[in-house]
Structure formats: C-alpha cells, structure tokens
>>> print(open('input08.cif').read())   # mmCIF, N, CA and C atoms
data_upload
loop_
_atom_site.label_atom_id
_atom_site.label_comp_id
_atom_site.auth_asym_id
_atom_site.auth_seq_id
_atom_site.Cartn_x
_atom_site.Cartn_y
_atom_site.Cartn_z
N MET V 288 113.03 90.75 86.82
CA MET V 288 111.60 90.82 86.71
C MET V 288 111.12 89.68 85.83
N THR V 289 110.08 89.00 86.26
CA THR V 289 109.48 87.93 85.47
C THR V 289 108.48 88.53 84.51
N GLU V 290 108.53 88.09 83.28
CA GLU V 290 107.61 88.62 82.28
C GLU V 290 106.20 88.12 82.55
N PRO V 291 105.16 88.97 82.38
CA PRO V 291 103.79 88.53 82.57
C PRO V 291 103.41 87.52 81.49
N ASP V 292 102.37 86.75 81.76
CA ASP V 292 101.91 85.73 80.83
C ASP V 292 101.31 86.33 79.56
N HIS V 293 101.02 87.60 79.58
CA HIS V 293 100.43 88.26 78.42
C HIS V 293 100.88 89.72 78.41
N ASP V 294 100.40 90.45 77.47
CA ASP V 294 100.85 91.84 77.32
C ASP V 294 100.09 92.82 78.19
N GLY V 295 99.10 92.37 78.93
CA GLY V 295 98.39 93.27 79.84
C GLY V 295 96.95 93.47 79.45
N PRO V 296 96.38 94.61 79.84
CA PRO V 296 94.95 94.85 79.70
C PRO V 296 94.39 94.64 78.29
N LEU V 297 95.15 94.90 77.25
CA LEU V 297 94.61 94.78 75.91
C LEU V 297 94.32 93.34 75.51
N ASP V 298 94.99 92.38 76.16
CA ASP V 298 94.74 90.98 75.86
C ASP V 298 93.41 90.49 76.41
N HIS V 299 92.92 91.14 77.45
CA HIS V 299 91.70 90.71 78.12
C HIS V 299 90.81 91.93 78.33
N PRO V 300 90.04 92.31 77.31
CA PRO V 300 89.27 93.55 77.41
C PRO V 300 88.20 93.54 78.49
N VAL V 301 87.72 92.35 78.89
CA VAL V 301 86.67 92.29 79.90
C VAL V 301 87.23 92.57 81.29
N GLY V 302 88.34 91.99 81.60
CA GLY V 302 88.95 92.22 82.90
C GLY V 302 90.03 91.20 83.18
N GLY V 303 90.87 91.49 84.14
CA GLY V 303 91.92 90.55 84.47
C GLY V 303 92.76 90.99 85.64
N LEU V 304 93.61 90.06 86.05
CA LEU V 304 94.55 90.25 87.15
C LEU V 304 95.87 89.61 86.76
N GLU V 305 96.96 90.19 87.18
CA GLU V 305 98.27 89.57 86.99
C GLU V 305 99.22 90.05 88.07
N ALA V 306 100.20 89.22 88.37
CA ALA V 306 101.25 89.58 89.31
C ALA V 306 102.57 89.58 88.56
N VAL V 307 103.33 90.64 88.74
CA VAL V 307 104.62 90.78 88.09
C VAL V 307 105.68 90.92 89.18
N ASP V 308 106.66 90.02 89.17
CA ASP V 308 107.75 90.09 90.14
C ASP V 308 108.67 91.25 89.79
N LEU V 309 108.97 92.05 90.80
CA LEU V 309 109.92 93.15 90.66
C LEU V 309 111.11 92.86 91.57
N ALA V 310 112.18 93.59 91.39
CA ALA V 310 113.38 93.37 92.20
C ALA V 310 113.08 93.57 93.69
N ASP V 311 112.19 94.51 94.02
CA ASP V 311 111.92 94.84 95.42
C ASP V 311 110.52 94.46 95.88
N GLY V 312 109.81 93.62 95.12
CA GLY V 312 108.47 93.22 95.53
C GLY V 312 107.65 92.72 94.36
N THR V 313 106.35 92.94 94.46
CA THR V 313 105.42 92.46 93.45
C THR V 313 104.46 93.56 93.07
N LEU V 314 104.21 93.68 91.77
CA LEU V 314 103.19 94.58 91.25
C LEU V 314 102.01 93.71 90.84
N VAL V 315 100.85 93.98 91.43
CA VAL V 315 99.61 93.30 91.05
C VAL V 315 98.80 94.28 90.23
N ARG V 316 98.51 93.91 88.99
CA ARG V 316 97.72 94.76 88.10
C ARG V 316 96.30 94.22 88.03
N MET V 317 95.35 95.15 88.07
CA MET V 317 93.92 94.83 87.93
C MET V 317 93.38 95.71 86.82
N TRP V 318 92.50 95.16 85.97
CA TRP V 318 91.91 96.00 84.93
C TRP V 318 90.53 95.50 84.52
N GLY V 319 89.76 96.43 83.96
CA GLY V 319 88.44 96.10 83.44
C GLY V 319 87.47 95.70 84.53
N ASP V 320 86.65 94.69 84.23
CA ASP V 320 85.67 94.17 85.19
C ASP V 320 86.34 93.13 86.08
N VAL V 321 86.50 93.46 87.34
CA VAL V 321 87.10 92.54 88.30
C VAL V 321 85.95 91.98 89.13
N ASP V 322 85.57 90.75 88.77
CA ASP V 322 84.39 90.15 89.38
C ASP V 322 84.60 88.65 89.61
N ALA V 323 83.52 87.95 89.95
CA ALA V 323 83.60 86.53 90.30
C ALA V 323 84.16 85.67 89.18
N SER V 324 84.07 86.13 87.94
CA SER V 324 84.59 85.34 86.82
C SER V 324 86.12 85.21 86.87
N LEU V 325 86.77 86.02 87.69
CA LEU V 325 88.23 86.01 87.78
C LEU V 325 88.76 85.26 89.00
N ARG V 326 87.92 84.46 89.64
CA ARG V 326 88.35 83.77 90.87
C ARG V 326 89.59 82.91 90.67
N GLY V 327 89.66 82.20 89.56
CA GLY V 327 90.84 81.39 89.28
C GLY V 327 92.09 82.24 89.15
N GLN V 328 91.99 83.34 88.41
CA GLN V 328 93.12 84.26 88.27
C GLN V 328 93.49 84.85 89.63
N ALA V 329 92.46 85.20 90.42
CA ALA V 329 92.70 85.84 91.71
C ALA V 329 93.51 84.93 92.63
N SER V 330 93.17 83.65 92.66
CA SER V 330 93.91 82.71 93.51
C SER V 330 95.37 82.60 93.07
N ALA V 331 95.59 82.47 91.77
CA ALA V 331 96.95 82.34 91.25
C ALA V 331 97.76 83.61 91.49
N VAL V 332 97.14 84.77 91.28
CA VAL V 332 97.83 86.05 91.47
C VAL V 332 98.18 86.26 92.94
N MET V 333 97.25 85.93 93.83
CA MET V 333 97.52 86.10 95.25
C MET V 333 98.67 85.20 95.69
N ALA V 334 98.64 83.96 95.25
CA ALA V 334 99.72 83.02 95.61
C ALA V 334 101.06 83.54 95.11
N ARG V 335 101.11 84.00 93.88
CA ARG V 335 102.37 84.49 93.32
C ARG V 335 102.86 85.73 94.06
N ALA V 336 101.95 86.64 94.36
CA ALA V 336 102.34 87.88 95.05
C ALA V 336 102.87 87.59 96.45
N LEU V 337 102.29 86.60 97.12
CA LEU V 337 102.71 86.31 98.49
C LEU V 337 103.95 85.43 98.55
N GLN V 338 104.26 84.71 97.48
CA GLN V 338 105.47 83.89 97.44
C GLN V 338 106.72 84.75 97.27
N HIS V 339 106.59 85.81 96.51
CA HIS V 339 107.71 86.70 96.22
C HIS V 339 107.82 87.70 97.37
N GLY V 340 108.99 87.90 97.91
CA GLY V 340 109.17 88.82 99.03
C GLY V 340 109.07 90.28 98.63
N GLY V 341 109.10 91.14 99.60
CA GLY V 341 109.11 92.57 99.36
C GLY V 341 107.73 93.19 99.38
N ALA V 342 107.69 94.44 98.96
CA ALA V 342 106.45 95.22 98.97
C ALA V 342 105.46 94.68 97.94
N VAL V 343 104.19 94.96 98.19
CA VAL V 343 103.14 94.61 97.24
C VAL V 343 102.42 95.90 96.84
N VAL V 344 102.45 96.20 95.55
CA VAL V 344 101.73 97.35 95.01
C VAL V 344 100.60 96.82 94.16
N VAL V 345 99.37 97.20 94.51
CA VAL V 345 98.20 96.78 93.76
C VAL V 345 97.75 97.96 92.90
N ASP V 346 97.98 97.86 91.59
CA ASP V 346 97.62 98.93 90.66
C ASP V 346 96.18 98.71 90.21
N ALA V 347 95.28 99.57 90.69
CA ALA V 347 93.86 99.46 90.37
C ALA V 347 93.41 100.55 89.41
N SER V 348 94.35 101.23 88.80
CA SER V 348 94.02 102.40 87.97
C SER V 348 93.14 102.08 86.77
N ALA V 349 93.18 100.86 86.28
CA ALA V 349 92.40 100.50 85.08
C ALA V 349 91.14 99.71 85.40
N VAL V 350 90.75 99.66 86.68
CA VAL V 350 89.52 98.95 87.06
C VAL V 350 88.32 99.78 86.63
N GLU V 351 87.40 99.13 85.92
CA GLU V 351 86.18 99.80 85.45
C GLU V 351 84.95 99.35 86.24
N PHE V 352 85.00 98.14 86.77
CA PHE V 352 83.90 97.59 87.57
C PHE V 352 84.50 96.66 88.61
N LEU V 353 83.92 96.65 89.80
CA LEU V 353 84.41 95.80 90.87
C LEU V 353 83.20 95.29 91.64
N ASP V 354 83.07 93.96 91.76
CA ASP V 354 81.99 93.41 92.57
C ASP V 354 82.56 92.98 93.92
N SER V 355 81.74 92.33 94.73
CA SER V 355 82.18 91.96 96.08
C SER V 355 83.36 90.99 96.06
N SER V 356 83.43 90.12 95.05
CA SER V 356 84.57 89.20 95.01
C SER V 356 85.86 89.94 94.63
N GLY V 357 85.77 90.94 93.79
CA GLY V 357 86.93 91.77 93.47
C GLY V 357 87.39 92.57 94.67
N LEU V 358 86.44 93.09 95.42
CA LEU V 358 86.77 93.83 96.63
C LEU V 358 87.40 92.88 97.66
N ALA V 359 86.85 91.67 97.78
CA ALA V 359 87.41 90.69 98.71
C ALA V 359 88.84 90.34 98.32
N PHE V 360 89.12 90.24 97.03
CA PHE V 360 90.49 89.96 96.57
C PHE V 360 91.45 91.04 97.07
N ILE V 361 91.09 92.29 96.88
CA ILE V 361 91.94 93.40 97.32
C ILE V 361 92.17 93.32 98.82
N LEU V 362 91.11 93.17 99.58
CA LEU V 362 91.22 93.18 101.04
C LEU V 362 92.00 91.97 101.55
N GLN V 363 91.78 90.79 100.96
CA GLN V 363 92.52 89.60 101.39
C GLN V 363 94.01 89.73 101.08
N LEU V 364 94.31 90.27 99.90
CA LEU V 364 95.72 90.45 99.54
C LEU V 364 96.39 91.47 100.46
N LEU V 365 95.71 92.56 100.73
CA LEU V 365 96.26 93.57 101.63
C LEU V 365 96.49 92.98 103.02
N LYS V 366 95.51 92.25 103.53
CA LYS V 366 95.62 91.68 104.87
C LYS V 366 96.75 90.65 104.94
N ALA V 367 96.81 89.77 103.96
CA ALA V 367 97.86 88.73 103.97
C ALA V 367 99.25 89.34 103.90
N ALA V 368 99.43 90.34 103.06
CA ALA V 368 100.73 90.99 102.94
C ALA V 368 101.09 91.73 104.23
N GLN V 369 100.13 92.42 104.81
CA GLN V 369 100.40 93.15 106.05
C GLN V 369 100.71 92.20 107.20
N GLU V 370 100.03 91.05 107.24
CA GLU V 370 100.31 90.07 108.30
C GLU V 370 101.72 89.51 108.19
N ASP V 371 102.28 89.57 106.98
CA ASP V 371 103.65 89.12 106.74
C ASP V 371 104.64 90.28 106.91
N ASP V 372 104.17 91.39 107.50
CA ASP V 372 104.98 92.60 107.73
C ASP V 372 105.58 93.17 106.44
N ARG V 373 104.79 93.11 105.38
CA ARG V 373 105.24 93.66 104.10
C ARG V 373 104.51 94.96 103.83
N HIS V 374 105.23 95.91 103.25
CA HIS V 374 104.60 97.16 102.85
C HIS V 374 103.64 96.86 101.70
N VAL V 375 102.44 97.37 101.80
CA VAL V 375 101.44 97.13 100.76
C VAL V 375 100.66 98.42 100.53
N VAL V 376 100.35 98.68 99.27
CA VAL V 376 99.64 99.91 98.93
C VAL V 376 98.73 99.66 97.74
N LEU V 377 97.60 100.33 97.72
CA LEU V 377 96.67 100.30 96.59
C LEU V 377 96.91 101.57 95.78
N ARG V 378 97.37 101.40 94.55
CA ARG V 378 97.76 102.53 93.71
C ARG V 378 96.62 102.95 92.77
N ASP V 379 96.34 104.22 92.78
CA ASP V 379 95.40 104.87 91.85
C ASP V 379 94.04 104.17 91.75
N PRO V 380 93.39 103.88 92.89
CA PRO V 380 92.08 103.26 92.78
C PRO V 380 91.06 104.25 92.23
N PRO V 381 90.16 103.79 91.36
CA PRO V 381 89.12 104.67 90.84
C PRO V 381 88.10 104.99 91.93
N ALA V 382 87.28 105.99 91.68
CA ALA V 382 86.29 106.44 92.67
C ALA V 382 85.37 105.31 93.11
N LEU V 383 85.03 104.40 92.21
CA LEU V 383 84.12 103.32 92.59
C LEU V 383 84.71 102.44 93.68
N VAL V 384 86.01 102.23 93.66
CA VAL V 384 86.67 101.43 94.71
C VAL V 384 86.70 102.22 96.01
N LEU V 385 87.02 103.49 95.93
CA LEU V 385 87.04 104.32 97.13
C LEU V 385 85.65 104.42 97.76
N ASP V 386 84.62 104.49 96.91
CA ASP V 386 83.24 104.54 97.41
C ASP V 386 82.88 103.25 98.14
N MET V 387 83.35 102.11 97.63
CA MET V 387 83.09 100.83 98.29
C MET V 387 83.77 100.79 99.66
N PHE V 388 85.01 101.26 99.75
CA PHE V 388 85.70 101.31 101.03
C PHE V 388 84.93 102.19 102.01
N ASP V 389 84.44 103.32 101.51
CA ASP V 389 83.69 104.26 102.35
C ASP V 389 82.42 103.59 102.88
N LEU V 390 81.69 102.90 102.01
CA LEU V 390 80.46 102.22 102.42
C LEU V 390 80.72 101.16 103.49
N LEU V 391 81.88 100.52 103.42
CA LEU V 391 82.23 99.48 104.38
C LEU V 391 82.87 100.05 105.66
N GLY V 392 83.03 101.36 105.72
CA GLY V 392 83.66 101.98 106.88
C GLY V 392 85.17 101.77 106.90
N MET V 393 85.76 101.53 105.72
CA MET V 393 87.19 101.28 105.63
C MET V 393 87.98 102.45 105.06
N ALA V 394 87.31 103.55 104.80
CA ALA V 394 88.01 104.72 104.28
C ALA V 394 89.11 105.11 105.26
N GLY V 395 90.30 105.31 104.75
CA GLY V 395 91.44 105.68 105.59
C GLY V 395 92.17 104.50 106.22
N LYS V 396 91.64 103.28 106.05
CA LYS V 396 92.28 102.11 106.63
C LYS V 396 93.10 101.32 105.63
N VAL V 397 92.93 101.64 104.36
CA VAL V 397 93.68 100.96 103.29
C VAL V 397 94.75 101.93 102.79
N PRO V 398 96.02 101.54 102.82
CA PRO V 398 97.08 102.43 102.34
C PRO V 398 96.90 102.72 100.84
N LEU V 399 96.84 103.99 100.50
CA LEU V 399 96.61 104.43 99.13
C LEU V 399 97.81 105.21 98.61
N GLU V 400 98.00 105.14 97.30
CA GLU V 400 99.04 105.90 96.62
C GLU V 400 98.44 106.44 95.32
N PHE V 401 98.62 107.72 95.11
CA PHE V 401 98.11 108.34 93.89
C PHE V 401 99.29 108.90 93.10
N THR V 402 99.38 108.53 91.83
CA THR V 402 100.44 109.01 90.97
C THR V 402 99.88 110.05 90.01
N THR V 403 100.76 110.82 89.45
CA THR V 403 100.34 111.75 88.42
C THR V 403 100.68 111.14 87.08
N ARG V 404 99.71 111.09 86.23
CA ARG V 404 99.91 110.45 84.92
C ARG V 404 99.79 111.46 83.84
#
>>> encode(input="input08.cif", output="structure tokens")
Amino acid sequence: MTEPDHDGPLDHPVGGLEAVDLADGTLVRMWGDVDASLRGQASAVMARALQHGGAVVVDASAVEFLDSSGLAFILQLLKAAQEDDRHVVLRDPPALVLDMFDLLGMAGKVPLEFTTR
C-alpha cells in the first residue's frame, strides 16, 4: 500500500480527495466540501485510481457538501473504472449524495456499499 500524501481529512478541514493504492485495488477517499475548488485534486486522484489495477472503492462517508463538479467526479470515476471492467462501488454515501442521484434518475444505477460503523 502506498502511503497517502497526508494524514487524511484532518489535514484539510474544508474538503479533499485522495487515492490510496491497496493490494487488490484503489481506495478513493472524499471528505468535507467536494466542489469545484478540488478540480486539481480530482484529476490527480482519478489518474492514480485508474493507473492502479483492481477494484475501485470510493469512500464518500465523510462528504459534507457536494456540488455538480463533485458529483461529476464520482460519475466519471465510476464510468471509467466500469469501462475498464473493474469492480467499482460507492461506499457509505451520505443522504445528500443519494438525493442527487435520485434527482438525476440514477438511483439504483450506481453500485453502493453500506458498512456498519
């Protein structure tokens, strides 16, 4: 596993994205406000997640706000991974993300995983 560039959500209280290489795929973490201000991070994270083989798990459990660019990031990453025949799942999305999928008519079309914490 490659160590992340920082310690995670506490380093960036406003919001952030990171990709962590795992033995069997990539974990993409999202936290805080995921919006247009993260476009640079989003591009780097997407490239890293797609370079590393295996499954892609997008952990959205710590997302507090998501705008259209944050939603586009999720959907583009899911689509790119699926086109590469990779298992991909959105883990623990908050209600606001699920509501956005519902508004777009995508409810039930995005693979979801809910954990017990």
>>> resolve_selection(input="input08.cif", expression="the PyMOL selection byres ((chain V and resi 379) around 6.5)", output="JSON, numbers by chain")
{"V": [345, 346, 347, 348, 349, 377, 378, 380, 381, 399, 400, 401, 402]}
>>> residues_around(input="input08.cif", residues="segment 313-317 of chain V", least_positions_apart="6", cutoff="8 Å", atoms="only C-alpha atoms", output="list in words")
Gly302, Gly303, Leu304, Glu305, Ala306, Val307, Val332, Ala336, His339, Gly340, Gly341, Ala342, Val343, Val344, Val345, Asp346, Ala347, Ser348, Ala349 and Val350 of chain V
>>> select_by_dssp(input="input08.cif", residues="segment 303-392 of chain V", states="helix (DSSP H, G or I)", output="ChimeraX atom specification")
/V:323-338,355-370,382-390
>>> closest_residue(input="input08.cif", among="V:Val397, V:Leu337, V:Ala382, V:Leu309", to="Leu362 of chain V", atoms="only C-alpha atoms")
V:Val397
>>> axis_aligned_box(input="input08.cif", around="segment 321-334 of chain V", padding_each_side="3 Å", output="JSON")
{"center_x": 92.3, "center_y": 87.4, "center_z": 91.3, "size_x": 23.5, "size_y": 18.1, "size_z": 14.9}
>>> select_by_dssp(input="input08.cif", residues="chain V", states="strand (DSSP E or B)", output="ChimeraX atom specification")
/V:302-309,312-321,342-353,375-378,399-400
>>> atom_distance(input="input08.cif", atom1="atom CA of Ala329 of chain V", atom2="atom CA of Gln363 of chain V")
10.4 Å
>>> residues_around(input="input08.cif", residues="Leu383 of chain V", least_positions_apart="2", cutoff="9 Å", atoms="only C-alpha atoms", output="list in words")
Val350, Glu351, Phe352, Leu353, Pro380, Pro381, Leu385, Asp386, Met387 and Phe388 of chain V
>>> residues_around(input="input08.cif", residues="Ser356 of chain V", least_positions_apart="2", cutoff="7 Å", atoms="all atoms listed in the file", output="list of chain:residue names")
V:Val321, V:Asp322, V:Ala323, V:Leu353, V:Asp354, V:Leu358, V:Ala359, V:Phe360, V:Ile361
>>> closest_residue(input="input08.cif", among="V:Pro398, V:Arg326, V:Gly392, V:Ser355", to="Val376 of chain V", atoms="only N, CA and C atoms")
V:Pro398
>>> atom_distance(input="input08.cif", atom1="atom C of Asp372 of chain V", atom2="atom C of Ala331 of chain V")
19.4 Å
>>> atom_distance(input="input08.cif", atom1="atom CA of Asp308 of chain V", atom2="atom CA of Leu365 of chain V")
16.6 Å
>>> closest_residue(input="input08.cif", among="V:Met393, V:Leu364, V:Val375, V:Val301", to="Met333 of chain V", atoms="only C-alpha atoms")
V:Leu364
